[in-house]
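Below: model32.cif (mmCIF, C-alpha atoms)
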data_final
loop_
_atom_site.label_atom_id
_atom_site.label_comp_id
_atom_site.auth_asym_id
_atom_site.auth_seq_id
_atom_site.Cartn_x
_atom_site.Cartn_y
_atom_site.Cartn_z
CA MET A 1 0.00 0.00 0.00
CA THR A 2 1.03 3.64 -0.08
CA ARG A 3 2.48 3.93 3.38
CA PRO A 4 1.26 6.99 5.26
CA ILE A 5 3.11 9.65 7.11
CA ALA A 6 3.13 8.34 10.67
CA THR A 7 3.84 9.83 14.07
CA ARG A 8 5.88 8.20 16.80
CA ALA A 9 4.88 10.42 19.69
CA ALA A 10 3.14 13.77 19.82
CA SER A 11 6.51 15.48 19.97
CA ARG A 12 8.10 13.53 17.12
CA ASN A 13 7.07 12.52 13.60
CA ALA A 14 8.64 10.12 11.15
CA LEU A 15 7.81 9.46 7.52
CA ALA A 16 7.20 5.76 7.08
CA SER A 17 8.56 3.95 4.04
CA LEU A 18 6.54 4.81 0.95
CA ALA A 19 5.24 2.70 -1.86
CA VAL A 20 4.73 -0.97 -1.50
CA LEU A 21 1.22 -1.40 -2.87
CA ALA A 22 -1.60 0.79 -3.99
CA SER A 23 -3.87 2.05 -1.26
CA LEU A 24 -6.59 -0.04 0.27
CA ALA A 25 -9.13 2.55 -0.77
CA SER A 26 -8.01 3.40 -4.30
CA ARG A 27 -9.34 1.41 -7.21
CA ALA A 28 -6.07 1.68 -9.20
CA LEU A 29 -7.84 0.44 -12.35
CA ALA A 30 -5.63 -0.89 -15.11
CA ALA A 31 -8.34 -0.92 -17.74
CA GLU A 32 -7.60 -2.12 -21.25
CA PRO A 33 -7.64 0.76 -23.78
CA SER A 34 -10.91 -0.47 -25.25
CA GLY A 35 -12.53 -1.55 -22.03
CA ALA A 36 -15.82 -0.79 -20.42
CA ASP A 37 -13.85 -1.47 -17.22
CA GLU A 38 -13.02 2.24 -17.20
CA VAL A 39 -16.52 2.95 -15.91
CA PRO A 40 -16.44 2.32 -12.13
CA HIS A 41 -19.17 0.31 -10.47
CA PRO A 42 -21.51 2.51 -8.36
CA ALA A 43 -20.36 0.63 -5.24
CA ASP A 44 -16.77 1.63 -6.01
CA LEU A 45 -17.81 5.25 -6.30
CA ALA A 46 -19.55 4.98 -2.93
CA ILE A 47 -16.39 3.55 -1.38
CA ASP A 48 -14.41 6.41 -2.94
CA ARG A 49 -16.69 8.82 -1.07
CA GLY A 50 -16.37 6.86 2.16
CA ALA A 51 -20.04 5.86 2.03
CA LEU A 52 -19.53 2.24 3.01
CA PRO A 53 -23.16 1.36 3.97
CA GLU A 54 -24.30 2.71 0.59
CA ALA A 55 -21.65 0.59 -1.12
CA GLU A 56 -22.91 -2.53 0.67
CA SER A 57 -26.46 -1.76 -0.46
CA LEU A 58 -25.35 -1.33 -4.08
CA ILE A 59 -23.39 -4.57 -3.99
CA ALA A 60 -26.43 -6.41 -2.64
CA ARG A 61 -28.50 -5.51 -5.72
CA HIS A 62 -26.42 -7.74 -8.01
CA PRO A 63 -24.04 -9.55 -5.66
CA LYS A 64 -22.76 -12.07 -8.24
CA SER A 65 -21.73 -9.65 -10.97
CA PRO A 66 -17.93 -9.38 -11.40
CA GLU A 67 -17.92 -5.67 -10.64
CA ALA A 68 -19.99 -6.09 -7.49
CA ARG A 69 -17.81 -8.96 -6.31
CA ALA A 70 -14.67 -6.88 -6.90
CA ALA A 71 -16.17 -4.01 -4.90
CA ALA A 72 -17.10 -6.47 -2.15
CA ALA A 73 -13.51 -7.71 -2.13
CA ARG A 74 -12.32 -4.15 -1.77
CA LEU A 75 -14.56 -3.65 1.26
CA SER A 76 -13.37 -6.92 2.77
CA LEU A 77 -9.75 -5.90 2.32
CA MET A 78 -10.39 -2.55 3.99
CA ARG A 79 -11.79 -4.51 6.94
CA ASP A 80 -8.83 -6.90 6.89
CA ASP A 81 -11.12 -9.85 6.18
CA LEU A 82 -8.71 -11.64 3.86
CA PRO A 83 -10.65 -14.92 3.47
CA ALA A 84 -13.77 -13.04 2.32
CA ALA A 85 -11.75 -10.86 -0.03
CA ARG A 86 -10.02 -13.89 -1.51
CA ALA A 87 -13.33 -15.72 -2.03
CA HIS A 88 -14.80 -12.76 -3.92
CA LEU A 89 -11.71 -12.40 -6.08
CA ASP A 90 -11.44 -16.09 -6.90
CA ALA A 91 -15.03 -15.99 -8.14
CA VAL A 92 -14.32 -12.97 -10.37
CA LEU A 93 -11.05 -14.29 -11.79
CA ALA A 94 -12.51 -17.73 -12.50
CA ASP A 95 -14.84 -16.11 -15.04
CA ALA A 96 -12.70 -13.11 -16.05
CA PRO A 97 -8.96 -13.87 -15.57
CA LEU A 98 -7.96 -10.39 -16.78
CA HIS A 99 -10.41 -8.39 -14.69
CA PRO A 100 -8.22 -5.35 -13.89
CA GLN A 101 -9.46 -4.47 -10.42
CA ALA A 102 -9.66 -8.09 -9.28
CA LEU A 103 -6.07 -8.69 -10.38
CA ILE A 104 -4.73 -5.69 -8.46
CA LEU A 105 -6.78 -6.56 -5.39
CA SER A 106 -5.53 -10.15 -5.51
CA VAL A 107 -1.97 -8.82 -5.28
CA ARG A 108 -2.90 -6.71 -2.25
CA VAL A 109 -4.56 -9.63 -0.51
CA ALA A 110 -1.51 -11.82 -1.11
CA ALA A 111 0.81 -9.10 0.16
CA ARG A 112 -1.27 -8.65 3.31
CA ALA A 113 -1.19 -12.40 3.84
CA LYS A 114 2.60 -12.38 3.24
CA ASP A 115 2.15 -14.80 0.37
CA THR A 116 3.94 -12.82 -2.32
CA ALA A 117 5.86 -15.76 -3.83
CA ALA A 118 2.64 -17.42 -4.96
CA ILE A 119 1.15 -14.25 -6.44
CA VAL A 120 4.38 -13.48 -8.32
CA THR A 121 4.25 -16.92 -9.94
CA ARG A 122 0.56 -16.58 -10.75
CA THR A 123 0.83 -13.13 -12.29
CA ALA A 124 4.03 -14.05 -14.15
CA ASN A 125 2.21 -16.89 -15.87
CA LEU A 126 -0.63 -14.55 -16.74
CA ALA A 127 1.71 -11.86 -18.04
CA ASN A 128 3.55 -14.37 -20.20
CA ALA A 129 0.29 -15.69 -21.64
CA HIS A 130 -1.12 -12.18 -22.28
CA ARG A 131 1.83 -10.00 -23.28
CA ASP A 132 -0.38 -7.28 -24.73
CA SER A 133 -2.65 -7.02 -21.69
CA VAL A 134 -2.10 -3.90 -19.59
CA ALA A 135 -4.01 -5.52 -16.71
CA ALA A 136 -1.81 -8.64 -16.69
CA GLN A 137 1.46 -6.73 -16.99
CA LEU A 138 0.49 -4.23 -14.29
CA ALA A 139 -0.54 -7.00 -11.88
CA TYR A 140 2.80 -8.75 -12.41
CA ALA A 141 4.71 -5.52 -11.76
CA GLU A 142 2.67 -4.88 -8.61
CA ALA A 143 3.38 -8.41 -7.40
CA LEU A 144 7.12 -7.98 -7.94
CA LEU A 145 7.10 -4.72 -6.02
CA ALA A 146 5.12 -6.32 -3.19
CA ALA A 147 7.76 -9.08 -3.05
CA GLY A 148 10.57 -6.54 -2.81
CA SER A 149 11.96 -7.43 -6.26
CA HIS A 150 12.57 -3.82 -7.20
CA GLU A 151 14.69 -4.12 -10.34
CA PRO A 152 12.37 -6.68 -11.99
CA ALA A 153 9.40 -4.52 -10.93
CA LEU A 154 11.06 -1.54 -12.61
CA ALA A 155 11.41 -3.47 -15.84
CA ALA A 156 7.84 -4.75 -15.67
CA ALA A 157 6.40 -1.28 -14.97
CA THR A 158 8.37 0.13 -17.91
CA ARG A 159 6.99 -2.60 -20.19
CA THR A 160 3.47 -1.77 -19.03
CA LEU A 161 3.90 1.91 -19.86
CA LYS A 162 5.14 1.00 -23.33
CA LEU A 163 1.81 -0.76 -23.86
CA ARG A 164 -0.17 2.24 -22.68
CA GLU A 165 1.72 5.49 -22.14
CA THR A 166 -1.28 7.25 -20.61
CA SER A 167 -1.94 4.61 -17.94
CA VAL A 168 -2.09 6.47 -14.63
CA PRO A 169 -1.83 3.26 -12.54
CA ALA A 170 1.29 2.19 -14.47
CA THR A 171 2.80 5.67 -14.15
CA LYS A 172 2.19 5.68 -10.39
CA LEU A 173 3.63 2.19 -10.11
CA LEU A 174 6.84 3.27 -11.81
CA ALA A 175 7.12 6.18 -9.36
CA ARG A 176 6.50 3.85 -6.42
CA VAL A 177 9.27 1.54 -7.57
CA TYR A 178 11.71 4.45 -7.66
CA LEU A 179 10.57 5.52 -4.19
CA ALA A 180 11.14 1.99 -2.94
CA LEU A 181 14.64 2.19 -4.44
CA GLY A 182 15.26 5.41 -2.47
CA ARG A 183 15.21 7.64 -5.56
CA PRO A 184 12.60 10.34 -4.88
CA LEU A 185 14.17 12.79 -7.35
CA THR A 186 13.50 10.29 -10.13
CA ALA A 187 10.01 9.53 -8.85
CA GLU A 188 8.93 13.18 -8.63
CA PRO A 189 8.68 14.02 -12.37
CA ILE A 190 6.93 10.69 -12.96
CA LEU A 191 4.32 11.63 -10.37
CA ALA A 192 4.02 15.05 -12.02
CA ARG A 193 3.25 13.25 -15.28
CA ALA A 194 0.58 11.15 -13.57
CA LEU A 195 -1.00 14.30 -12.15
CA GLU A 196 -1.02 15.90 -15.61
CA LEU A 197 -3.09 12.94 -16.76
CA GLU A 198 -5.39 12.92 -13.71
CA ARG A 199 -5.50 14.61 -10.29
CA ASP A 200 -5.18 11.19 -8.70
CA ALA A 201 -5.41 10.89 -4.90
CA GLU A 202 -2.65 8.34 -4.57
CA ALA A 203 -0.26 10.32 -6.78
CA LEU A 204 -0.98 13.42 -4.69
CA THR A 205 -0.27 11.48 -1.51
CA LEU A 206 2.99 10.06 -2.85
CA LEU A 207 4.14 13.53 -3.86
CA ALA A 208 3.12 14.81 -0.41
CA GLY A 209 5.42 12.19 1.10
CA ILE A 210 8.33 13.57 -0.92
CA ARG A 211 7.51 17.12 0.17
CA HIS A 212 7.25 16.01 3.80
CA ALA A 213 10.69 14.40 3.61
CA GLU A 214 12.02 17.71 2.30
CA GLY A 215 10.51 19.51 5.30
CA LYS A 216 7.94 21.33 3.17
CA LEU A 217 4.97 20.78 5.47
CA VAL A 218 2.69 23.39 3.94
CA GLU A 219 3.08 21.91 0.46
CA ALA A 220 2.60 18.40 1.83
CA ARG A 221 -0.56 19.49 3.66
CA ASP A 222 -1.98 21.17 0.57
CA LEU A 223 -1.40 18.07 -1.56
CA LEU A 224 -3.03 15.82 1.02
CA GLU A 225 -6.01 18.11 1.44
CA GLU A 226 -6.52 17.93 -2.33
CA ALA A 227 -6.16 14.13 -2.22
CA VAL A 228 -8.93 13.67 0.32
CA THR A 229 -11.11 16.16 -1.55
CA VAL A 230 -10.69 14.16 -4.76
CA LEU A 231 -11.28 10.87 -2.92
CA PRO A 232 -12.93 11.44 0.48
CA GLY A 233 -12.74 7.74 1.35
CA TYR A 234 -8.99 7.47 0.69
CA VAL A 235 -7.83 6.24 4.08
CA GLU A 236 -4.11 6.48 3.40
CA GLY A 237 -4.53 10.13 2.46
CA LEU A 238 -6.69 10.79 5.51
CA ASN A 239 -4.13 9.16 7.77
CA SER A 240 -1.20 11.06 6.29
CA LEU A 241 -3.06 14.37 6.48
CA GLY A 242 -3.91 13.64 10.11
CA ALA A 243 -0.23 13.02 10.83
CA ILE A 244 0.66 16.39 9.26
CA TYR A 245 -1.93 18.08 11.47
CA VAL A 246 -0.37 16.37 14.49
CA GLU A 247 3.03 17.64 13.45
CA VAL A 248 1.81 21.25 13.27
CA ARG A 249 -0.14 20.73 16.54
CA ASN A 250 -3.58 21.24 15.05
CA TRP A 251 -5.05 18.71 17.47
CA GLU A 252 -8.71 19.36 16.66
CA ALA A 253 -8.31 18.90 12.90
CA ALA A 254 -6.06 15.87 13.42
CA THR A 255 -8.53 14.19 15.76
CA ALA A 256 -11.45 14.75 13.39
CA ILE A 257 -9.75 13.42 10.28
CA LEU A 258 -8.08 10.47 12.02
CA THR A 259 -11.36 9.48 13.64
CA ARG A 260 -12.79 9.32 10.13
CA ALA A 261 -9.86 7.19 8.95
CA THR A 262 -10.32 4.67 11.76
CA SER A 263 -14.07 4.51 11.16
CA LEU A 264 -13.51 3.66 7.48
CA THR A 265 -10.71 1.17 8.09
CA PRO A 266 -10.88 0.04 11.73
CA ARG A 267 -7.81 -2.19 11.43
CA LEU A 268 -5.40 0.41 10.03
CA VAL A 269 -2.90 0.51 12.89
CA PRO A 270 -1.02 3.69 11.82
CA ALA A 271 -4.31 5.60 11.98
CA TRP A 272 -4.89 4.48 15.58
CA ILE A 273 -1.33 5.49 16.48
CA ASN A 274 -1.74 8.92 14.89
CA LEU A 275 -5.16 9.40 16.49
CA GLY A 276 -3.65 8.66 19.91
CA CYS A 277 -0.96 11.27 19.27
CA ALA A 278 -3.62 13.86 18.39
CA GLN A 279 -5.62 13.00 21.50
CA ARG A 280 -2.59 13.20 23.76
CA GLY A 281 -1.69 16.57 22.27
CA ALA A 282 -5.20 17.78 23.08
CA GLY A 283 -4.85 16.56 26.68
CA LEU A 284 -7.23 13.63 26.18
CA PHE A 285 -4.93 11.16 27.89
CA THR A 286 -7.43 8.39 28.59
CA GLU A 287 -8.66 8.51 24.98
CA ALA A 288 -5.07 8.40 23.71
CA GLU A 289 -4.38 5.32 25.80
CA SER A 290 -7.49 3.67 24.36
CA SER A 291 -6.39 4.41 20.76
CA TRP A 292 -2.91 2.97 21.25
CA LYS A 293 -4.33 -0.10 22.96
CA GLN A 294 -6.68 -0.52 20.01
CA GLY A 295 -3.67 -0.49 17.73
CA LEU A 296 -1.96 -3.11 19.88
CA ALA A 297 -5.08 -5.29 19.87
CA ILE A 298 -4.70 -5.43 16.08
CA GLU A 299 -0.90 -5.59 15.96
CA PRO A 300 0.55 -6.63 19.35
CA THR A 301 4.12 -6.16 18.15
CA SER A 302 3.73 -2.53 17.00
CA PRO A 303 6.77 -0.75 18.48
CA GLU A 304 5.25 2.65 17.77
CA ALA A 305 2.12 1.90 19.80
CA TRP A 306 4.20 0.56 22.71
CA PHE A 307 6.45 3.61 22.61
CA ASN A 308 3.54 6.04 22.69
CA LEU A 309 1.92 4.22 25.59
CA ALA A 310 5.21 4.28 27.48
CA VAL A 311 5.65 8.04 27.04
CA LEU A 312 2.05 8.59 28.15
CA TYR A 313 2.48 6.48 31.28
CA LEU A 314 5.74 8.22 32.13
CA GLU A 315 4.65 11.81 31.65
CA ASN A 316 0.88 11.93 32.20
CA PRO A 317 -0.65 10.53 35.40
CA LEU A 318 -4.05 9.09 34.48
CA PRO A 319 -7.09 9.66 36.70
CA GLY A 320 -7.80 6.87 39.15
CA ARG A 321 -4.49 5.12 38.47
CA ASP A 322 -1.89 4.18 41.02
CA ARG A 323 1.14 6.27 40.09
CA LEU A 324 3.73 3.65 40.99
CA ALA A 325 1.90 0.98 38.99
CA GLN A 326 1.65 3.33 36.02
CA LEU A 327 5.38 4.06 36.12
CA ASN A 328 6.11 0.35 36.12
CA GLU A 329 3.78 0.01 33.13
CA ALA A 330 5.85 2.70 31.40
CA VAL A 331 9.01 0.64 31.91
CA GLY A 332 7.28 -2.44 30.54
CA ALA A 333 6.02 -0.56 27.49
CA PHE A 334 9.43 0.98 26.73
CA ASN A 335 11.00 -2.46 26.92
CA ALA A 336 8.27 -3.87 24.66
CA SER A 337 8.95 -1.16 22.06
CA ARG A 338 12.65 -2.05 22.05
CA ARG A 339 11.95 -5.78 22.02
CA ASN A 340 9.76 -5.31 18.94
CA GLY A 341 12.41 -3.47 16.99
CA LEU A 342 12.18 0.23 17.87
CA VAL A 343 15.49 2.05 17.54
CA ASP A 344 15.30 5.40 19.30
CA ASP A 345 18.11 7.28 21.02
CA ARG A 346 15.68 8.50 23.70
CA LEU A 347 14.82 5.06 25.06
CA ASP A 348 17.67 4.82 27.56
CA ARG A 349 17.02 8.34 28.83
CA TYR A 350 13.32 7.63 29.28
CA LEU A 351 14.08 4.40 31.14
CA GLU A 352 16.46 6.28 33.43
CA GLU A 353 13.76 8.87 34.12
CA ALA A 354 11.24 6.14 34.86
CA ALA A 355 13.64 4.44 37.28
CA LEU A 356 14.23 7.76 39.05
CA PHE A 357 10.49 8.47 39.33
CA ILE A 358 9.85 4.96 40.65
CA LYS A 359 12.58 5.45 43.28
CA GLN A 360 11.18 8.83 44.30
CA GLU A 361 7.60 7.54 44.52
CA THR A 362 8.68 4.49 46.52
CA GLU A 363 10.65 6.67 48.96
CA ARG A 364 7.71 9.06 49.29
CA ARG A 365 5.43 6.20 50.25
CA GLU A 366 7.96 4.86 52.74
CA ASN A 367 8.26 8.27 54.34
CA GLU A 368 4.48 8.53 54.60
CA LYS A 369 4.44 5.26 56.52
CA LYS A 370 6.95 6.68 58.98
CA GLN A 371 4.79 9.70 59.81
CA PRO A 372 3.42 9.49 63.38
CA PRO A 373 -0.34 8.98 63.68
CA ALA A 374 -2.37 12.15 63.98
CA GLU A 375 -4.89 12.64 66.74
CA GLY A 376 -7.67 10.11 66.23
CA GLY A 377 -5.36 7.47 64.81
CA ALA A 378 -5.13 8.70 61.22
CA PRO A 379 -1.65 9.08 59.75
CA ALA A 380 -0.28 12.60 60.02
CA ALA A 381 -0.67 14.63 56.86
CA PRO A 382 2.66 15.46 55.20
CA PRO A 383 3.68 19.12 55.56
CA ALA A 384 2.61 21.41 52.77
CA ASP A 385 5.29 22.59 50.37
CA GLY A 386 7.27 25.36 52.02
CA ASP A 387 6.02 24.55 55.56
CA ALA A 388 8.63 23.47 58.08
CA PRO A 389 7.81 20.21 59.87
CA ALA A 390 6.74 20.55 63.48
CA GLU A 391 9.67 20.20 65.81
CA GLU A 392 9.69 17.17 68.04
CA PRO A 393 9.84 17.83 71.83
CA GLN A 394 13.45 17.91 72.98
CA PRO A 395 14.48 16.24 76.28
CA GLU A 396 15.24 18.61 79.06
#
Serialized structure, structure tokens:
Amino acid sequence: MTRPIATRAASRNALASLAVLASLASRALAAEPSGADEVPHPADLAIDRGALPEAESLIARHPKSPEARAAAARLSLMRDDLPAARAHLDAVLADAPLHPQALILSVRVAARAKDTAAIVTRTANLANAHRDSVAAQLAYAEALLAAGSHEPALAAATRTLKLRETSVPATKLLARVYLALGRPLTAEPILARALELERDAEALTLLAGIRHAEGKLVEARDLLEEAVTVLPGYVEGLNSLGAIYVEVRNWEAATAILTRATSLTPRLVPAWINLGCAQRGAGLFTEAESSWKQGLAIEPTSPEAWFNLAVLYLENPLPGRDRLAQLNEAVGAFNASRRNGLVDDRLDRYLEEAALFIKQETERRENEKKQPPAEGGAPAAPPADGDAPAEEPQPE
């Protein structure tokens, strides 16, 4: 998928690796030059708008048509229901092996299932049997990119563009390969070409990622705002725009747009992480904890979610929580983030701070126990800040 801009904690942002597959929410049609496939199914248009209940209703009218099944597969993939998505796609491809959307979606399902070897073989056979098919060649290039075979993907994407120079999906794919190769300067003019052909949401988001890496936040924001205007249901664009809003500390806008992203794709972990960052920035600490725990419920090994929880537990006492227990939770969460692969030069410093706070809190509680009972048997209240303790009677 197009990987979104993602935040680590409210005070720090990092741009995640771009360009593995097309977005969950974009159709990325690779229609044949002559094809009626270029006309989207009404359910696809509803998904584009983020109107998922409407899309379900439209699919239900003719649930066995190839276009409806492909749209249903798209919905299933957004919900991370891979078996349902695969069943829909198998039914489409059994009758129409070159169905453009079903081919691209089948690559995404295989990538999500970490089964890229099989989809590379399958699409390679198809591409060899149908050398003049844009859909077959594009699916093969997508599969190679998903498998991390960048140089072969580059060659396959180039072949696809030779078949159809005005293919926006193939143009975006070529740019995404160059981004995966760490060559944004090469990818940028290719994205510009795609945007000359069509103001495509994914192309806008990819270009925004380049601008963000250059530190041009205003340009990145403007591109992402256009992307989600063009395609209101584009969850990767929504998530990346929310991360930009977090970075510029626009907590209200970030919370609103990231809440929409999580409602459309409830299992998109980066959106939950970014939403938690927005909530923490707004002082909604309990809500932030809930968002990061939601992310961990989906992906228990997410180092970013663990890190955010740890910082929250260290710096923000939560209502009704035992402070010492919360500090120990912070230590556990920091260790979990490191154990799951987080590399961050602040980890050791945070762990030292947590150890110091735990020591101070433990000593404070021990001192409270040593206070003599007040009249009536209750422990004496500790002196207020700035008040000298009462002197004990001295022997004569």
Report as a short mmCIF file (atom, residue, chain, number, x, y, z; two decimals) with C-alpha atoms, in the frame of the given file the full result of the PyMOL selection byres ((chain A and resi 223-232) around 8) when it is applied to this structure.
data_model
loop_
_atom_site.label_atom_id
_atom_site.label_comp_id
_atom_site.auth_asym_id
_atom_site.auth_seq_id
_atom_site.Cartn_x
_atom_site.Cartn_y
_atom_site.Cartn_z
CA ASP A 48 -14.41 6.41 -2.94
CA ARG A 49 -16.69 8.82 -1.07
CA GLY A 50 -16.37 6.86 2.16
CA ARG A 199 -5.50 14.61 -10.29
CA ASP A 200 -5.18 11.19 -8.70
CA ALA A 201 -5.41 10.89 -4.90
CA GLU A 202 -2.65 8.34 -4.57
CA LEU A 204 -0.98 13.42 -4.69
CA THR A 205 -0.27 11.48 -1.51
CA LEU A 207 4.14 13.53 -3.86
CA ALA A 208 3.12 14.81 -0.41
CA GLU A 219 3.08 21.91 0.46
CA ALA A 220 2.60 18.40 1.83
CA ARG A 221 -0.56 19.49 3.66
CA ASP A 222 -1.98 21.17 0.57
CA GLY A 233 -12.74 7.74 1.35
CA TYR A 234 -8.99 7.47 0.69
CA GLY A 237 -4.53 10.13 2.46
CA LEU A 238 -6.69 10.79 5.51
CA SER A 240 -1.20 11.06 6.29
CA LEU A 241 -3.06 14.37 6.48
#
Residues of stretch 156-256 of chain A that have any atom at most 12 Å from an atom of stretch 125-138 of chain A: could you tabulate them with the shortest-distance atom pair and the distance in Å to one decimal, using only C-alpha atoms, ordered by chain and increasing number, as JSON lines?
{"residue": "A:Ala156", "atom": "CA", "partner": "A:Gln137", "partner_atom": "CA", "distance": 6.8}
{"residue": "A:Ala157", "atom": "CA", "partner": "A:Leu138", "partner_atom": "CA", "distance": 6.6}
{"residue": "A:Thr158", "atom": "CA", "partner": "A:Leu138", "partner_atom": "CA", "distance": 9.7}
{"residue": "A:Arg159", "atom": "CA", "partner": "A:Gln137", "partner_atom": "CA", "distance": 7.6}
{"residue": "A:Thr160", "atom": "CA", "partner": "A:Gln137", "partner_atom": "CA", "distance": 5.7}
{"residue": "A:Leu161", "atom": "CA", "partner": "A:Val134", "partner_atom": "CA", "distance": 8.4}
{"residue": "A:Lys162", "atom": "CA", "partner": "A:Val134", "partner_atom": "CA", "distance": 9.5}
{"residue": "A:Leu163", "atom": "CA", "partner": "A:Val134", "partner_atom": "CA", "distance": 6.6}
{"residue": "A:Arg164", "atom": "CA", "partner": "A:Val134", "partner_atom": "CA", "distance": 7.1}
{"residue": "A:Glu165", "atom": "CA", "partner": "A:Val134", "partner_atom": "CA", "distance": 10.5}
{"residue": "A:Thr166", "atom": "CA", "partner": "A:Val134", "partner_atom": "CA", "distance": 11.2}
{"residue": "A:Ser167", "atom": "CA", "partner": "A:Val134", "partner_atom": "CA", "distance": 8.7}
{"residue": "A:Val168", "atom": "CA", "partner": "A:Leu138", "partner_atom": "CA", "distance": 11.0}
{"residue": "A:Pro169", "atom": "CA", "partner": "A:Leu138", "partner_atom": "CA", "distance": 8.0}
{"residue": "A:Ala170", "atom": "CA", "partner": "A:Leu138", "partner_atom": "CA", "distance": 6.5}
{"residue": "A:Thr171", "atom": "CA", "partner": "A:Leu138", "partner_atom": "CA", "distance": 10.2}
{"residue": "A:Lys172", "atom": "CA", "partner": "A:Leu138", "partner_atom": "CA", "distance": 10.8}
{"residue": "A:Leu173", "atom": "CA", "partner": "A:Leu138", "partner_atom": "CA", "distance": 8.3}
{"residue": "A:Leu174", "atom": "CA", "partner": "A:Leu138", "partner_atom": "CA", "distance": 10.1}
Practice task
State, in Å with one decimal place, the distance from atom CA of A:Leu58 to atom CA of A:Ser263.
Solution key: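 Atom CA of A:Ser263 lies 19.8 Å from atom CA of A:Leu58.
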Practice task
Tell me which of A:Thr116, A:Gly182, A:Ala70, A:Gly242 sits closest to A:Ala146, counting only C-alpha atoms.
Solution key: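 Looking only at the distances to A:Ala146, the closest residue turns out to be A:Thr116.
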Exercise for the section: Calculate how many Å separate atom CA of A:Ile104 from atom CA of A:Leu77, rounding to one decimal. Expected result: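 Taking atom CA of A:Ile104 and atom CA of A:Leu77, their separation equals 11.9 Å.
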Handout entry: Shell around stretch 318-328 of chain A at 9 Å using only C-alpha atoms, local window under 4 positions removed, as an MDAnalysis selection string
Key = chainID A and resid 285:286 310 312:314 332:333 354:355 357:358 361:362
Practice task
Mind checking which residues fall within 9 Å of stretch 51-57 of chain A, counting all atoms listed in the file, ignoring those fewer than 3 positions away in the same chain, and posting them as a PyMOL selection string?
Solution key: chain A and resi 42-48+60-61+71-72+75+233+264
Practice task
Could you tell me which residues the PyMOL selection byres ((chain A and resi 335) around 10) grabs in this file, written as a list in words?
Solution key: Pro303, Trp306, Phe307, Ala310, Glu329, Ala330, Val331, Gly332, Ala333, Phe334, Ala336, Ser337, Arg338, Arg339, Asn340, Leu342, Leu347, Asp348 and Leu351 of chain A
Handout entry: Result set of the PyMOL selection byres ((chain A and resi 153) around 9) on the coordinates above, as a ChimeraX atom specification
Key = /A:140-145,148-152,154-158,173-174,177
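Closest approach to A:Arg176 from the set A:Leu296, A:Ala194, A:Val248, A:Leu284 is made by A:Ala194, with distances taken over only C-alpha atoms.
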Problem - Pairwise distance for atom CA of A:Ala305 and atom CA of A:Ala282, rounded to one decimal in Å - result: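 Straight-line distance from atom CA of A:Ala305 to atom CA of A:Ala282 works out to 17.8 Å.
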Report as JSON the centre and the edge lengths, in Å to one decimal, of the axis-aligned box holding every listed atom of stretch 206-212 of chain A, padded by 8 Å on each side.
{"center_x": 5.7, "center_y": 13.6, "center_z": 0.0, "size_x": 21.3, "size_y": 23.1, "size_z": 23.7}
